[in-house]
Amino acid sequence: MNDFRRIADRIAADIASGRLRAGQRLPPQRAFARRHGLAPSTAGRVYAELVRRGLVVGEVGRGTFVRAGAPDGQPGHALTEAAGDEPVNLELNYPYLPGQSELLRPALASLTRPDALGDALRPAAAAGTPAAREAVAELLARTGVRTGPERILFTGNARQAIAAALASLVRPGGRVGVEPLTYPLVKEIAVRLGITLVPLATDEEGPRPESVAAAHRTAPLSALYLQPTLHNPTALTTTAARRTRLADVIHRLGIPVVEDRIWSFLHPSAPSHPATAVPRTPPTPSPPPLAALAPALVHLVDGLSKRVAPGLTVGFVVVPEGRVEAVARAIRSGGWGAGGFALEAAVRWLADGTVERLVAAKRRDAARRQRLVAEELAGFVVRSDPASYFAWWELPAPWRADTFAAAARERGIAVTPGTAFAVGPGGAPGAVRLGLGSAPEPELARALSVLAAVARGGPGAGSGSARW
């Protein structure tokens, strides 16, 4: 093992044991190098490895700090694993409704027959089954995406669909334009594929087309990865006018796009509401997807984990004509194919209306949770959408994101610091994302109340009566 990785392992062990606590500042790299008898370049690699694992975050002009919520040293752990014994976890964001299991159970009865079960337990091809392709094509048509079933491919989840689409489009060393705050697991995918993420300028309408053109002039972009509908973490929905301009630039420059639509089923409002309290206005219909405006270039990614349940997932990607085999090859080589049982269950839930009923219920659930945010965080700057399952909280000064996340964790509440989403150089965002979908509503309301008290108290105020 490389020396720098052994040193990173020792620091990771200190973090896991609690000897290094969340929010604690590491020494400057040069001081670290002198203390351990290392070359400055080796110290830099140690710190870069810790950043890659999601254990620390570097803030320009401030230093390197231990992140909250990644005790095992695995990249992205805080976003994908439970928070141990903590009463409430606002990092996780998997909406699952009370009584949902009873709704899902009837469609599985026919799948447990020996003949049907035997078929379902066989490996599924990237192209799925004719029934699966038809069911997803019908689902997409209701969202404004009309596609031939032969252009639909399946993966184990939407994250794998993103990885397969990017792997098929971008060679190692290639550049991919993204929003300056992006889905953290895309950052991990980029590291594993050897891809450089290039942050694009955005405003209250979405990504700016001129920023795409400027980045492409600097060095050609191999692709874009965008979340035009209910962007994670800000809940911004790109306006229809901005989408049209983006499609024009995409066509003119010939840049392929991976469009992430995983939250679009909630029908968010457009645009979202920057620098204000959470809006109380009802959502309006979402603009058409980029895939409808530029079907020859856009790879649309979606899935069922948010619509249905996180434990039995199916992802899918609609690819442009002529690219089916390239993406299917990436799915096969990455081992990202969908499970046969999950695919057959999804077909039944789509066919009998279960998915449609769950979507309607989750829209109502998200709206109730947003009202809790509006009530408990009144007076704070929160960016969100009235139909979203998450909120982007811009913290009051002098809070830093990681310091606030550490203070929240001391009170038994896990939140995601904005640094987990940031791409490229520049100041770390002084914000946290609140995942609203996983905690029961009473616990969510209480957690939001505690977090509001922590924010008002300021750093160093102590836990006091605000403790969970």
# chains A, B, ... in the order shown; residues from 1 in each chain; ligands from 1
$ select_by_dssp --residues "range 20-57 of chain A" --states "strand (DSSP E)" --output "PyMOL selection string"
chain A and resi 25-26+56-57
$ residues_around --residues "range 93-96 of chain A" --least-positions-apart "4" --cutoff "10 Å" --atoms "only C-alpha atoms" --output "PyMOL selection string"
chain A and resi 79-80+89+100-101+305-311+358+362+365-366+389-390+434-440
$ closest_residue --among "A:Gly418, A:Ser168, A:Leu139, A:Gly23" --to "Ala326 in chain A" --atoms "only C-alpha atoms"
A:Ser168
$ atom_distance --atom1 "CA of Thr419 in chain A" --atom2 "CA of Val57 in chain A"
6.9 Å
$ closest_residue --among "A:Ala378, A:Ala167, A:Ala161, A:Leu246" --to "Val191 in chain A" --atoms "only C-alpha atoms"
A:Ala167
$ select_by_dssp --residues "range 115-181 of chain A" --states "alpha helix (DSSP H)" --output "PDB file with C-alpha atoms, in the first residue's frame"
ATOM      1  CA  ASP A 115     -43.171 -20.477 -12.576  1.00  0.00           C
ATOM      2  CA  ALA A 116     -43.153 -16.681 -12.233  1.00  0.00           C
ATOM      3  CA  LEU A 117     -40.559 -16.732  -9.451  1.00  0.00           C
ATOM      4  CA  GLY A 118     -38.248 -18.908 -11.519  1.00  0.00           C
ATOM      5  CA  ASP A 119     -38.313 -16.379 -14.347  1.00  0.00           C
ATOM      6  CA  ALA A 120     -37.879 -13.437 -11.979  1.00  0.00           C
ATOM      7  CA  PRO A 130     -40.601  -6.127 -23.275  1.00  0.00           C
ATOM      8  CA  ALA A 131     -43.133  -5.656 -20.460  1.00  0.00           C
ATOM      9  CA  ALA A 132     -40.703  -3.525 -18.460  1.00  0.00           C
ATOM     10  CA  ARG A 133     -39.861  -1.341 -21.449  1.00  0.00           C
ATOM     11  CA  GLU A 134     -43.522  -0.789 -22.270  1.00  0.00           C
ATOM     12  CA  ALA A 135     -44.401   0.026 -18.646  1.00  0.00           C
ATOM     13  CA  VAL A 136     -41.602   2.584 -18.286  1.00  0.00           C
ATOM     14  CA  ALA A 137     -42.352   4.131 -21.683  1.00  0.00           C
ATOM     15  CA  GLU A 138     -45.939   4.680 -20.526  1.00  0.00           C
ATOM     16  CA  LEU A 139     -44.729   6.135 -17.223  1.00  0.00           C
ATOM     17  CA  LEU A 140     -42.422   8.568 -19.025  1.00  0.00           C
ATOM     18  CA  ALA A 141     -45.109   9.602 -21.501  1.00  0.00           C
ATOM     19  CA  ALA A 158     -30.571   5.509 -10.774  1.00  0.00           C
ATOM     20  CA  ARG A 159     -27.004   6.053  -9.497  1.00  0.00           C
ATOM     21  CA  GLN A 160     -25.864   3.158 -11.658  1.00  0.00           C
ATOM     22  CA  ALA A 161     -27.758   4.594 -14.615  1.00  0.00           C
ATOM     23  CA  ILE A 162     -25.856   7.874 -14.172  1.00  0.00           C
ATOM     24  CA  ALA A 163     -22.549   5.996 -13.957  1.00  0.00           C
ATOM     25  CA  ALA A 164     -23.296   3.950 -17.062  1.00  0.00           C
ATOM     26  CA  ALA A 165     -24.353   6.978 -19.095  1.00  0.00           C
ATOM     27  CA  LEU A 166     -21.229   8.925 -18.103  1.00  0.00           C
ATOM     28  CA  ALA A 167     -18.936   5.920 -18.665  1.00  0.00           C
ATOM     29  CA  SER A 168     -20.342   5.525 -22.174  1.00  0.00           C
ATOM     30  CA  LEU A 169     -19.817   9.207 -22.984  1.00  0.00           C
TER      31      LEU A 169
END
$ closest_residue --among "A:Arg21, A:Arg171, A:Arg6, A:Arg113" --to "Ala43 in chain A" --atoms "only C-alpha atoms"
A:Arg6
$ atom_distance --atom1 "CA of Ala407 in chain A" --atom2 "CA of Val56 in chain A"
16.1 Å
$ residues_around --residues "range 201-205 of chain A" --least-positions-apart "6" --cutoff "12 Å" --atoms "only C-alpha atoms" --output "PyMOL selection string"
chain A and resi 177-182+211-215+226-229+231+234-246+269-275+287+383-384+423-424
$ residues_around --residues "Pro320 in chain A" --least-positions-apart "4" --cutoff "8 Å" --atoms "only C-alpha atoms" --output "list in words"
Arg151, Pro295, Ala296, Leu297, Val298, His299 and Val324 of chain A
$ closest_residue --among "A:Ala342, A:Ala190, A:Val249, A:Ile11" --to "Leu312 in chain A" --atoms "only C-alpha atoms"
A:Ala342
$ atom_distance --atom1 "CA of Leu395 in chain A" --atom2 "CA of Gly412 in chain A"
18.8 Å
$ residues_around --residues "Phe380 in chain A" --least-positions-apart "3" --cutoff "12 Å" --atoms "only C-alpha atoms" --output "list in words"
Pro274, Ala275, Thr276, Ala277, Val278, Val373, Ala374, Glu375, Glu376, Leu377, Arg383, Ala391, Trp392, Trp393, Glu394, Leu395, Pro396, Ala397, Ala431, Leu448, Leu451, Ala452, Ala453, Ala455 and Arg456 of chain A
$ closest_residue --among "A:Ala361, A:Ala345, A:Ile15, A:Phe316" --to "Pro149 in chain A" --atoms "only C-alpha atoms"
A:Phe316
$ residues_around --residues "Ile7 in chain A" --least-positions-apart "5" --cutoff "12 Å" --atoms "only C-alpha atoms" --output "PyMOL selection string"
chain A and resi 1-2+12-14+32-33+36-38+42-50
$ write_last_selection --atoms "C-alpha atoms" --output "PDB file, in the first residue's frame"
ATOM      1  CA  MET A   1       0.000   0.000   0.000  1.00  0.00           C
ATOM      2  CA  ASN A   2       1.227   3.504  -0.754  1.00  0.00           C
ATOM      3  CA  ALA A  12      -9.305   7.775   9.473  1.00  0.00           C
ATOM      4  CA  ALA A  13      -8.935   5.520  12.519  1.00  0.00           C
ATOM      5  CA  ASP A  14      -8.519   8.593  14.746  1.00  0.00           C
ATOM      6  CA  PHE A  32       1.681  18.274   8.870  1.00  0.00           C
ATOM      7  CA  ALA A  33       4.535  17.392   6.507  1.00  0.00           C
ATOM      8  CA  HIS A  36       5.594  13.615  10.177  1.00  0.00           C
ATOM      9  CA  GLY A  37       8.802  13.965   8.179  1.00  0.00           C
ATOM     10  CA  LEU A  38       6.988  13.911   4.843  1.00  0.00           C
ATOM     11  CA  THR A  42       2.987  13.449   0.113  1.00  0.00           C
ATOM     12  CA  ALA A  43       1.137  15.478   2.740  1.00  0.00           C
ATOM     13  CA  GLY A  44      -0.987  16.909  -0.042  1.00  0.00           C
ATOM     14  CA  ARG A  45      -1.843  13.397  -1.209  1.00  0.00           C
ATOM     15  CA  VAL A  46      -2.806  12.378   2.334  1.00  0.00           C
ATOM     16  CA  TYR A  47      -5.221  15.296   2.615  1.00  0.00           C
ATOM     17  CA  ALA A  48      -6.587  14.653  -0.878  1.00  0.00           C
ATOM     18  CA  GLU A  49      -7.214  11.013   0.067  1.00  0.00           C
ATOM     19  CA  LEU A  50      -9.088  12.081   3.201  1.00  0.00           C
TER      20      LEU A  50
END
$ closest_residue --among "A:Glu344, A:Glu102, A:Glu321, A:Asp260" --to "Gly128 in chain A" --atoms "only C-alpha atoms"
A:Glu344
$ decode --residues "range 115-189 of chain A" --atoms "C-alpha atoms" --output "PDB file, in the first residue's frame"
ATOM      1  CA  ASP A 115     -43.171 -20.477 -12.576  1.00  0.00           C
ATOM      2  CA  ALA A 116     -43.153 -16.681 -12.233  1.00  0.00           C
ATOM      3  CA  LEU A 117     -40.559 -16.732  -9.451  1.00  0.00           C
ATOM      4  CA  GLY A 118     -38.248 -18.908 -11.519  1.00  0.00           C
ATOM      5  CA  ASP A 119     -38.313 -16.379 -14.347  1.00  0.00           C
ATOM      6  CA  ALA A 120     -37.879 -13.437 -11.979  1.00  0.00           C
ATOM      7  CA  LEU A 121     -34.782 -14.920 -10.359  1.00  0.00           C
ATOM      8  CA  ARG A 122     -32.900 -15.147 -13.648  1.00  0.00           C
ATOM      9  CA  PRO A 123     -30.403 -12.361 -14.483  1.00  0.00           C
ATOM     10  CA  ALA A 124     -31.931  -9.427 -16.343  1.00  0.00           C
ATOM     11  CA  ALA A 125     -30.370  -8.022 -19.492  1.00  0.00           C
ATOM     12  CA  ALA A 126     -29.643  -4.313 -19.810  1.00  0.00           C
ATOM     13  CA  ALA A 127     -32.663  -4.068 -22.090  1.00  0.00           C
ATOM     14  CA  GLY A 128     -34.896  -5.580 -19.403  1.00  0.00           C
ATOM     15  CA  THR A 129     -38.023  -7.258 -20.691  1.00  0.00           C
ATOM     16  CA  PRO A 130     -40.601  -6.127 -23.275  1.00  0.00           C
ATOM     17  CA  ALA A 131     -43.133  -5.656 -20.460  1.00  0.00           C
ATOM     18  CA  ALA A 132     -40.703  -3.525 -18.460  1.00  0.00           C
ATOM     19  CA  ARG A 133     -39.861  -1.341 -21.449  1.00  0.00           C
ATOM     20  CA  GLU A 134     -43.522  -0.789 -22.270  1.00  0.00           C
ATOM     21  CA  ALA A 135     -44.401   0.026 -18.646  1.00  0.00           C
ATOM     22  CA  VAL A 136     -41.602   2.584 -18.286  1.00  0.00           C
ATOM     23  CA  ALA A 137     -42.352   4.131 -21.683  1.00  0.00           C
ATOM     24  CA  GLU A 138     -45.939   4.680 -20.526  1.00  0.00           C
ATOM     25  CA  LEU A 139     -44.729   6.135 -17.223  1.00  0.00           C
ATOM     26  CA  LEU A 140     -42.422   8.568 -19.025  1.00  0.00           C
ATOM     27  CA  ALA A 141     -45.109   9.602 -21.501  1.00  0.00           C
ATOM     28  CA  ARG A 142     -47.164  10.945 -18.598  1.00  0.00           C
ATOM     29  CA  THR A 143     -44.213  13.234 -17.728  1.00  0.00           C
ATOM     30  CA  GLY A 144     -43.795  14.651 -21.230  1.00  0.00           C
ATOM     31  CA  VAL A 145     -41.130  12.221 -22.493  1.00  0.00           C
ATOM     32  CA  ARG A 146     -42.296  10.176 -25.453  1.00  0.00           C
ATOM     33  CA  THR A 147     -39.823   7.499 -26.463  1.00  0.00           C
ATOM     34  CA  GLY A 148     -39.716   4.201 -28.208  1.00  0.00           C
ATOM     35  CA  PRO A 149     -39.404   1.329 -25.718  1.00  0.00           C
ATOM     36  CA  GLU A 150     -36.310   0.117 -27.555  1.00  0.00           C
ATOM     37  CA  ARG A 151     -34.390   3.168 -26.260  1.00  0.00           C
ATOM     38  CA  ILE A 152     -34.939   2.266 -22.586  1.00  0.00           C
ATOM     39  CA  LEU A 153     -32.246   0.419 -20.612  1.00  0.00           C
ATOM     40  CA  PHE A 154     -32.331  -0.764 -16.989  1.00  0.00           C
ATOM     41  CA  THR A 155     -29.910  -0.677 -14.072  1.00  0.00           C
ATOM     42  CA  GLY A 156     -30.021  -1.632 -10.399  1.00  0.00           C
ATOM     43  CA  ASN A 157     -30.726   1.982  -9.400  1.00  0.00           C
ATOM     44  CA  ALA A 158     -30.571   5.509 -10.774  1.00  0.00           C
ATOM     45  CA  ARG A 159     -27.004   6.053  -9.497  1.00  0.00           C
ATOM     46  CA  GLN A 160     -25.864   3.158 -11.658  1.00  0.00           C
ATOM     47  CA  ALA A 161     -27.758   4.594 -14.615  1.00  0.00           C
ATOM     48  CA  ILE A 162     -25.856   7.874 -14.172  1.00  0.00           C
ATOM     49  CA  ALA A 163     -22.549   5.996 -13.957  1.00  0.00           C
ATOM     50  CA  ALA A 164     -23.296   3.950 -17.062  1.00  0.00           C
ATOM     51  CA  ALA A 165     -24.353   6.978 -19.095  1.00  0.00           C
ATOM     52  CA  LEU A 166     -21.229   8.925 -18.103  1.00  0.00           C
ATOM     53  CA  ALA A 167     -18.936   5.920 -18.665  1.00  0.00           C
ATOM     54  CA  SER A 168     -20.342   5.525 -22.174  1.00  0.00           C
ATOM     55  CA  LEU A 169     -19.817   9.207 -22.984  1.00  0.00           C
ATOM     56  CA  VAL A 170     -16.622  10.311 -21.256  1.00  0.00           C
ATOM     57  CA  ARG A 171     -13.142   8.845 -21.419  1.00  0.00           C
ATOM     58  CA  PRO A 172     -10.760   9.091 -18.452  1.00  0.00           C
ATOM     59  CA  GLY A 173      -9.466  12.641 -18.269  1.00  0.00           C
ATOM     60  CA  GLY A 174     -12.601  14.036 -19.898  1.00  0.00           C
ATOM     61  CA  ARG A 175     -14.483  17.070 -18.600  1.00  0.00           C
ATOM     62  CA  VAL A 176     -18.141  17.095 -17.532  1.00  0.00           C
ATOM     63  CA  GLY A 177     -20.029  20.316 -16.835  1.00  0.00           C
ATOM     64  CA  VAL A 178     -22.188  20.262 -13.687  1.00  0.00           C
ATOM     65  CA  GLU A 179     -24.011  22.699 -11.445  1.00  0.00           C
ATOM     66  CA  PRO A 180     -21.594  24.150  -8.826  1.00  0.00           C
ATOM     67  CA  LEU A 181     -23.554  22.226  -6.187  1.00  0.00           C
ATOM     68  CA  THR A 182     -24.234  18.699  -7.353  1.00  0.00           C
ATOM     69  CA  TYR A 183     -25.309  15.239  -6.215  1.00  0.00           C
ATOM     70  CA  PRO A 184     -22.426  13.997  -4.030  1.00  0.00           C
ATOM     71  CA  LEU A 185     -22.367  10.497  -5.477  1.00  0.00           C
ATOM     72  CA  VAL A 186     -21.703  12.005  -8.912  1.00  0.00           C
ATOM     73  CA  LYS A 187     -18.482  13.357  -7.418  1.00  0.00           C
ATOM     74  CA  GLU A 188     -17.590   9.804  -6.401  1.00  0.00           C
ATOM     75  CA  ILE A 189     -18.515   8.448  -9.830  1.00  0.00           C
TER      76      ILE A 189
END
